[in-house]
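These notes concern the structure reproduced below.
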Amino acid sequence: MNNTAGKSAKFSLDLFRLDGRVALVTGAGVGLGRVFACTLATAGAKVVCADIDFATAQETVRQITAAGGLALALQVDVANEDAVANMVADTSAHFGALDILVNNAGIATPPLRVHEMPVADWDRLHRVNTRGVFLCTRAALPFMLPRKKGVVINIASIAGLGGVSPKTPAVAVNYSSSKAAVIGFTRQAAAEYGRDGIRFNAIAPGWHLGTQLGREAAPPSEQAIQAFAAALNEATPMGRTGDPEELAGLLLYLASDASSFVTGQVIAHDGGWTAW
Ligand SMILES: NC(=O)c1ccc[n+]([C@@H]2O[C@H](COP(=O)([O-])OP(=O)(O)OC[C@H]3O[C@@H](n4cnc5c(N)ncnc54)[C@H](O)[C@@H]3O)[C@@H](O)[C@H]2O)c1
């Protein structure tokens with residue numbers, strides 16, 4: 001038997017390595033963003049952890065450096081044009097480049113229906129979830145274009161792909177429309193920058209509990225939380241919600257050369273939620 005049987009002549013697991021690359025993750029202080037930052041560092045990237053809450057970004061950096069990685073904490077409001085410009089300039093000044101941008105920072109407001117929603121909630125959410133993605137990407141591109149190389153990963157949501165039943169009351173139109181906008185942004189930018197060697201993809205997570213995203217809409221009691229979780233399990237083909245750590249593999253795939261011909265795609269990570 002040929003001892004190379006079953007092996008690709010060219011494929012190497014090193015395609016997933018990010019040694020020497022510089023990554024910037026927004027909203028890296030807690031939740032999915034911390035998972036993304038730690039994942040990129042584990043794969044060898046130098047990681048800037050940016051968050052509006054500086055103390056949490058510092059804690060993510062502490063965890064990365066304790067594991068032997070290289071990271072820098074920055075404070076940023078992704079909706080603030082000057083702060084975003086400074087964040088990207090500081091990234092380049094500190095680590096000498098910017099190869100990977102993960103637009104992860106996002107918020108959710110209470111899940112009120114359209115006719116009940118305060119205009120302030122609409123505006124506040126879109127400033128972060130939509131304007132923030134635009135500002136961070138706009139600021140990062142001038143650092144990627146001259147090198148003809150770059151990866152942008154936008155964190156959308158299954159809520160950007162379809163409506164969510166009011167029986168699982170955790171999603172409002174400001175949130176869904178912002179994530180649909182992120183998906184449209186991803187596809188248009190992929191079309192514009194494909195020939196510049198810059199890839200854009202979106203992850204559409206389903207329900208990954210244990211983060212702070214729902215803090216403004218927390219169910220009123222432990223019993224209500226249990227009922228909510230049970231409803232999510234019931235409505236998901238795999239019969240459970242996701243663990244934030246399970247997103248690490250998909251994020252690394254999209255960030256690395258393992259996905260070198262993938263751009264403009266939206267990949268749901270949802271236990272089959274969007275499959276039926
Ligand atoms: N957890 C899920 O099930 C889920 C599902 C679908 C999509 N998402 C998306 O994933 C992303 C991360 O969500 P999460 O669940 O980890 O939420 P989270 O609330 O736990 O974390 C969000 C982080 O973003 C930061 N942030 C908020 N506003 C910011 C701003 N203006 N500037 C900079 N940083 C800011 C917060 O301080 C926090 O550290 C969001 O875009 C969210 O919409 C999450």
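Just remember, in the structure tokens the first chain shown is A, the second B, etc., residues are 1-based per chain, and ligands are 1-based in the order shown.
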
### Message
Using only C-alpha atoms, which protein or nucleic acid residues come within 6 Å of region 254-259 of chain A? Drop anything in the same chain fewer than 2 positions from it, and give the result as a PyMOL selection string.
### Response
chain A and resi 15-16+251-252+261-262

Residues from last step as file, all heavy atoms, as a PDB file, in the first residue's frame:
ATOM      1  N   LEU A  15      -1.899  25.525   7.093  1.00  0.00           N
ATOM      2  CA  LEU A  15      -2.769  26.526   6.463  1.00  0.00           C
ATOM      3  C   LEU A  15      -3.601  27.269   7.501  1.00  0.00           C
ATOM      4  O   LEU A  15      -4.055  28.391   7.266  1.00  0.00           O
ATOM      5  CB  LEU A  15      -3.724  25.856   5.473  1.00  0.00           C
ATOM      6  CG  LEU A  15      -3.179  25.506   4.091  1.00  0.00           C
ATOM      7  CD1 LEU A  15      -4.230  24.747   3.305  1.00  0.00           C
ATOM      8  CD2 LEU A  15      -2.780  26.782   3.346  1.00  0.00           C
ATOM      9  N   PHE A  16      -3.837  26.633   8.628  1.00  0.00           N
ATOM     10  CA  PHE A  16      -4.642  27.251   9.681  1.00  0.00           C
ATOM     11  C   PHE A  16      -3.797  28.135  10.609  1.00  0.00           C
ATOM     12  O   PHE A  16      -4.352  28.805  11.462  1.00  0.00           O
ATOM     13  CB  PHE A  16      -5.355  26.173  10.514  1.00  0.00           C
ATOM     14  CG  PHE A  16      -6.468  25.478   9.762  1.00  0.00           C
ATOM     15  CD1 PHE A  16      -6.218  24.318   9.037  1.00  0.00           C
ATOM     16  CD2 PHE A  16      -7.756  25.974   9.775  1.00  0.00           C
ATOM     17  CE1 PHE A  16      -7.238  23.666   8.350  1.00  0.00           C
ATOM     18  CE2 PHE A  16      -8.789  25.342   9.082  1.00  0.00           C
ATOM     19  CZ  PHE A  16      -8.525  24.182   8.372  1.00  0.00           C
ATOM     20  N   LEU A 251     -14.226  30.577  12.939  1.00  0.00           N
ATOM     21  CA  LEU A 251     -13.521  31.858  12.891  1.00  0.00           C
ATOM     22  C   LEU A 251     -12.106  31.653  12.356  1.00  0.00           C
ATOM     23  O   LEU A 251     -11.644  32.399  11.471  1.00  0.00           O
ATOM     24  CB  LEU A 251     -13.514  32.455  14.306  1.00  0.00           C
ATOM     25  CG  LEU A 251     -13.004  33.874  14.569  1.00  0.00           C
ATOM     26  CD1 LEU A 251     -11.509  33.974  14.663  1.00  0.00           C
ATOM     27  CD2 LEU A 251     -13.540  34.880  13.554  1.00  0.00           C
ATOM     28  N   LEU A 252     -11.424  30.622  12.854  1.00  0.00           N
ATOM     29  CA  LEU A 252     -10.043  30.383  12.422  1.00  0.00           C
ATOM     30  C   LEU A 252     -10.004  29.996  10.947  1.00  0.00           C
ATOM     31  O   LEU A 252      -9.125  30.441  10.204  1.00  0.00           O
ATOM     32  CB  LEU A 252      -9.402  29.284  13.288  1.00  0.00           C
ATOM     33  CG  LEU A 252      -7.959  28.945  12.914  1.00  0.00           C
ATOM     34  CD1 LEU A 252      -7.067  30.180  12.957  1.00  0.00           C
ATOM     35  CD2 LEU A 252      -7.415  27.864  13.857  1.00  0.00           C
ATOM     36  N   PHE A 261     -10.010  30.863  -0.918  1.00  0.00           N
ATOM     37  CA  PHE A 261     -10.863  31.160  -2.082  1.00  0.00           C
ATOM     38  C   PHE A 261     -12.313  31.418  -1.659  1.00  0.00           C
ATOM     39  O   PHE A 261     -13.232  31.350  -2.461  1.00  0.00           O
ATOM     40  CB  PHE A 261     -10.786  29.979  -3.074  1.00  0.00           C
ATOM     41  CG  PHE A 261     -11.248  30.308  -4.471  1.00  0.00           C
ATOM     42  CD1 PHE A 261     -10.826  31.452  -5.134  1.00  0.00           C
ATOM     43  CD2 PHE A 261     -12.114  29.455  -5.140  1.00  0.00           C
ATOM     44  CE1 PHE A 261     -11.253  31.748  -6.424  1.00  0.00           C
ATOM     45  CE2 PHE A 261     -12.559  29.737  -6.440  1.00  0.00           C
ATOM     46  CZ  PHE A 261     -12.122  30.889  -7.080  1.00  0.00           C
ATOM     47  N   VAL A 262     -12.498  31.727  -0.394  1.00  0.00           N
ATOM     48  CA  VAL A 262     -13.850  31.957   0.134  1.00  0.00           C
ATOM     49  C   VAL A 262     -14.020  33.448   0.418  1.00  0.00           C
ATOM     50  O   VAL A 262     -13.297  34.009   1.244  1.00  0.00           O
ATOM     51  CB  VAL A 262     -14.073  31.156   1.441  1.00  0.00           C
ATOM     52  CG1 VAL A 262     -15.474  31.433   2.000  1.00  0.00           C
ATOM     53  CG2 VAL A 262     -13.873  29.670   1.207  1.00  0.00           C
TER      54      VAL A 262
END

### Message
For ligand 1, return the neighbouring residues as a PyMOL selection string (distance at most 6 Å; only C-alpha atoms and all ligand atoms).
### Response
chain A and resi 26-33+51-53+76-79+104-107+128+155-157+205-209+211-213

### Message
Can you tell me, as JSON, numbers by chain, which residues in region 77-188 of chain A count as helix (DSSP H, G or I) by DSSP?
### Response
{"A": [81, 82, 83, 84, 85, 86, 87, 88, 89, 90, 91, 92, 93, 94, 95, 114, 115, 116, 119, 120, 121, 122, 123, 124, 125, 126, 127, 128, 129, 130, 131, 132, 133, 134, 135, 136, 137, 138, 139, 140, 141, 142, 143, 144, 145, 146, 147, 158, 159, 160, 173, 174, 175, 176, 177, 178, 179, 180, 181, 182, 183, 184, 185, 186, 187, 188]}

### Query
Expressed in Å to a single decimal, how great is the separation between CA of Ser176 (chain A) and CA of Gly264 (chain A)?
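Taking CA of Ser176 (chain A) and CA of Gly264 (chain A), their separation equals 19.3 Å.
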
### Task
Work out how far CA of Gly69 (chain A) is from CA of Ala41 (chain A), in Å to one decimal.
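About the pair CA of Ala41 (chain A) and CA of Gly69 (chain A): they are 5.7 Å apart.
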
### Query
Neighbours of region 221-226 of chain A within 12 Å (only C-alpha atoms; same-chain residues fewer than 6 positions away dropped), as a list of chain:residue names?
A:Thr168, A:Pro169, A:Ala170, A:Leu209, A:Gly210, A:Gly214, A:Leu232, A:Asn233

### Query
Quick one: distance from CA of Lys179 (chain A) to CA of Asn129 (chain A) in Å, one decimal?
7.4 Å

### Message
Set the distance at 12 Å and use only C-alpha atoms: which residues neighbour Trp276 (chain A) once local chain neighbours fewer than 2 positions away are removed? I'd like the list as a PyMOL selection string.
### Response
chain A and resi 162+235-238+270-274

Filtering to N, CA, C and O atoms, could you give me those residues as an mmCIF file, in the first residue's frame?
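See out.cif below for the written result:
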data_model
loop_
_atom_site.group_PDB
_atom_site.id
_atom_site.type_symbol
_atom_site.label_atom_id
_atom_site.label_comp_id
_atom_site.auth_asym_id
_atom_site.auth_seq_id
_atom_site.Cartn_x
_atom_site.Cartn_y
_atom_site.Cartn_z
ATOM 1 N N GLY A 162 -33.434 35.792 8.662
ATOM 2 C CA GLY A 162 -34.863 35.508 8.696
ATOM 3 C C GLY A 162 -35.468 35.982 9.999
ATOM 4 O O GLY A 162 -34.746 36.268 10.960
ATOM 5 N N ALA A 235 -36.692 24.474 19.382
ATOM 6 C CA ALA A 235 -36.760 25.014 18.017
ATOM 7 C C ALA A 235 -35.475 24.782 17.214
ATOM 8 O O ALA A 235 -35.384 25.206 16.071
ATOM 9 N N THR A 236 -34.499 24.119 17.813
ATOM 10 C CA THR A 236 -33.217 23.897 17.133
ATOM 11 C C THR A 236 -33.072 22.431 16.768
ATOM 12 O O THR A 236 -33.209 21.566 17.639
ATOM 13 N N PRO A 237 -32.808 22.112 15.494
ATOM 14 C CA PRO A 237 -32.674 20.708 15.114
ATOM 15 C C PRO A 237 -31.724 19.910 16.006
ATOM 16 O O PRO A 237 -31.993 18.747 16.310
ATOM 17 N N MET A 238 -30.626 20.498 16.414
ATOM 18 C CA MET A 238 -29.688 19.750 17.248
ATOM 19 C C MET A 238 -30.121 19.688 18.714
ATOM 20 O O MET A 238 -29.444 19.066 19.541
ATOM 21 N N ASP A 270 -25.427 27.461 13.826
ATOM 22 C CA ASP A 270 -26.703 27.569 14.541
ATOM 23 C C ASP A 270 -27.362 26.245 14.918
ATOM 24 O O ASP A 270 -28.560 26.229 15.241
ATOM 25 N N GLY A 271 -26.630 25.147 14.847
ATOM 26 C CA GLY A 271 -27.233 23.862 15.216
ATOM 27 C C GLY A 271 -28.403 23.478 14.324
ATOM 28 O O GLY A 271 -29.228 22.649 14.700
ATOM 29 N N GLY A 272 -28.489 24.104 13.146
ATOM 30 C CA GLY A 272 -29.547 23.768 12.190
ATOM 31 C C GLY A 272 -30.761 24.687 12.250
ATOM 32 O O GLY A 272 -31.742 24.459 11.550
ATOM 33 N N TRP A 273 -30.702 25.754 13.068
ATOM 34 C CA TRP A 273 -31.855 26.667 13.228
ATOM 35 C C TRP A 273 -32.412 27.121 11.884
ATOM 36 O O TRP A 273 -33.630 27.182 11.689
ATOM 37 N N THR A 274 -31.518 27.462 10.945
ATOM 38 C CA THR A 274 -31.955 27.982 9.643
ATOM 39 C C THR A 274 -32.194 26.850 8.625
ATOM 40 O O THR A 274 -32.459 27.123 7.460
#

### Query
For Lys167 (chain A), which of A:Pro244, A:Gly184, A:Pro111, A:Gly197 is the closest residue, counting only C-alpha atoms?
A:Pro111

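Distances from A:Ala172, A:Val22, A:Leu135, A:Ala227 to Thr109 (chain A) were compared using only C-alpha atoms, and the smallest one belongs to A:Ala172.
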
Would you tabulate, counting only C-alpha atoms, all residues of region 178-251 of chain A that have an atom at most 12 Å from an atom of region 138-149 of chain A, showing the closest pair of atoms and their distance in Å to one decimal, sorted by chain then ascending number, as a tab-separated table?
residue	atom	partner	partner_atom	distance
A:Phe185	CA	A:Arg138	CA	11.6
A:Ala189	CA	A:Arg138	CA	10.4
A:Glu192	CA	A:Leu141	CA	11.7
A:Tyr193	CA	A:Leu145	CA	8.8
A:Gly194	CA	A:Lys148	CA	9.7
A:Arg195	CA	A:Lys148	CA	8.4
A:Asp196	CA	A:Lys148	CA	5.0
A:Gly197	CA	A:Lys149	CA	4.7
A:Ile198	CA	A:Lys149	CA	5.2
A:Arg199	CA	A:Lys149	CA	8.2
A:Phe200	CA	A:Lys149	CA	11.3

Hey, what's within 9 Å of Gln58 (chain A) if we count only C-alpha atoms and toss same-chain stuff fewer than 4 positions away? As a PDB file with N, CA, C and O atoms, in the first residue's frame, please?
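Contents of part-v2.pdb, as written:
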ATOM      1  N   GLY A  29     -13.744  42.157  24.814  1.00  0.00           N
ATOM      2  CA  GLY A  29     -13.640  42.090  26.266  1.00  0.00           C
ATOM      3  C   GLY A  29     -14.344  40.918  26.911  1.00  0.00           C
ATOM      4  O   GLY A  29     -13.919  40.422  27.960  1.00  0.00           O
ATOM      5  N   CYS A  49      -7.005  43.655  21.200  1.00  0.00           N
ATOM      6  CA  CYS A  49      -8.321  43.415  21.806  1.00  0.00           C
ATOM      7  C   CYS A  49      -8.924  44.778  22.116  1.00  0.00           C
ATOM      8  O   CYS A  49      -8.471  45.465  23.041  1.00  0.00           O
ATOM      9  N   ALA A  50      -9.918  45.183  21.347  1.00  0.00           N
ATOM     10  CA  ALA A  50     -10.513  46.507  21.516  1.00  0.00           C
ATOM     11  C   ALA A  50     -11.921  46.374  22.072  1.00  0.00           C
ATOM     12  O   ALA A  50     -12.692  45.509  21.643  1.00  0.00           O
ATOM     13  N   ASP A  53     -15.274  48.817  26.949  1.00  0.00           N
ATOM     14  CA  ASP A  53     -14.964  48.560  28.358  1.00  0.00           C
ATOM     15  C   ASP A  53     -13.503  48.107  28.436  1.00  0.00           C
ATOM     16  O   ASP A  53     -13.181  46.935  28.215  1.00  0.00           O
ATOM     17  N   PHE A  54     -12.619  49.055  28.744  1.00  0.00           N
ATOM     18  CA  PHE A  54     -11.178  48.789  28.675  1.00  0.00           C
ATOM     19  C   PHE A  54     -10.742  47.680  29.638  1.00  0.00           C
ATOM     20  O   PHE A  54      -9.882  46.855  29.309  1.00  0.00           O
ATOM     21  N   ARG A  62      -4.759  39.693  29.289  1.00  0.00           N
ATOM     22  CA  ARG A  62      -4.082  38.952  30.359  1.00  0.00           C
ATOM     23  C   ARG A  62      -4.162  37.441  30.084  1.00  0.00           C
ATOM     24  O   ARG A  62      -3.174  36.712  30.222  1.00  0.00           O
ATOM     25  N   GLN A  63      -5.333  36.985  29.650  1.00  0.00           N
ATOM     26  CA  GLN A  63      -5.495  35.550  29.379  1.00  0.00           C
ATOM     27  C   GLN A  63      -4.621  35.105  28.201  1.00  0.00           C
ATOM     28  O   GLN A  63      -4.044  34.019  28.219  1.00  0.00           O
ATOM     29  N   LEU A  72      -2.547  43.256  22.762  1.00  0.00           N
ATOM     30  CA  LEU A  72      -2.595  44.646  23.225  1.00  0.00           C
ATOM     31  C   LEU A  72      -4.050  45.024  23.444  1.00  0.00           C
ATOM     32  O   LEU A  72      -4.896  44.741  22.590  1.00  0.00           O
ATOM     33  N   ALA A  73      -4.342  45.671  24.566  1.00  0.00           N
ATOM     34  CA  ALA A  73      -5.712  46.132  24.836  1.00  0.00           C
ATOM     35  C   ALA A  73      -5.863  47.593  24.421  1.00  0.00           C
ATOM     36  O   ALA A  73      -4.981  48.412  24.692  1.00  0.00           O
ATOM     37  N   LEU A  74      -6.977  47.895  23.759  1.00  0.00           N
ATOM     38  CA  LEU A  74      -7.289  49.281  23.412  1.00  0.00           C
ATOM     39  C   LEU A  74      -8.733  49.582  23.780  1.00  0.00           C
ATOM     40  O   LEU A  74      -9.593  48.705  23.696  1.00  0.00           O
TER      41      LEU A  74
END

### Message
From the options A:His94, A:Ala268, A:Thr60, A:Ser260, which residue's atoms come nearest to Leu247 (chain A), counting only C-alpha atoms?
### Response
A:Ala268

### Task
Extract, using only C-alpha atoms, all DNA, RNA and protein residues at most 12 Å from Arg21 (chain A), discarding same-chain residues fewer than 4 positions from it, and format them as a list in words.
Phe16, Arg17, Leu40, Ala41, Thr42, Ala43, Gly44, Ala45, Lys46, Val47, Val48, Leu70, Ala71, Thr91, Ser92, Phe95, Gly96, Ala97, Leu98, Asp99, Ile100, Leu101, Met144, Lys149, Gly150, Val151, Ala255, Ser256 and Asp257 of chain A
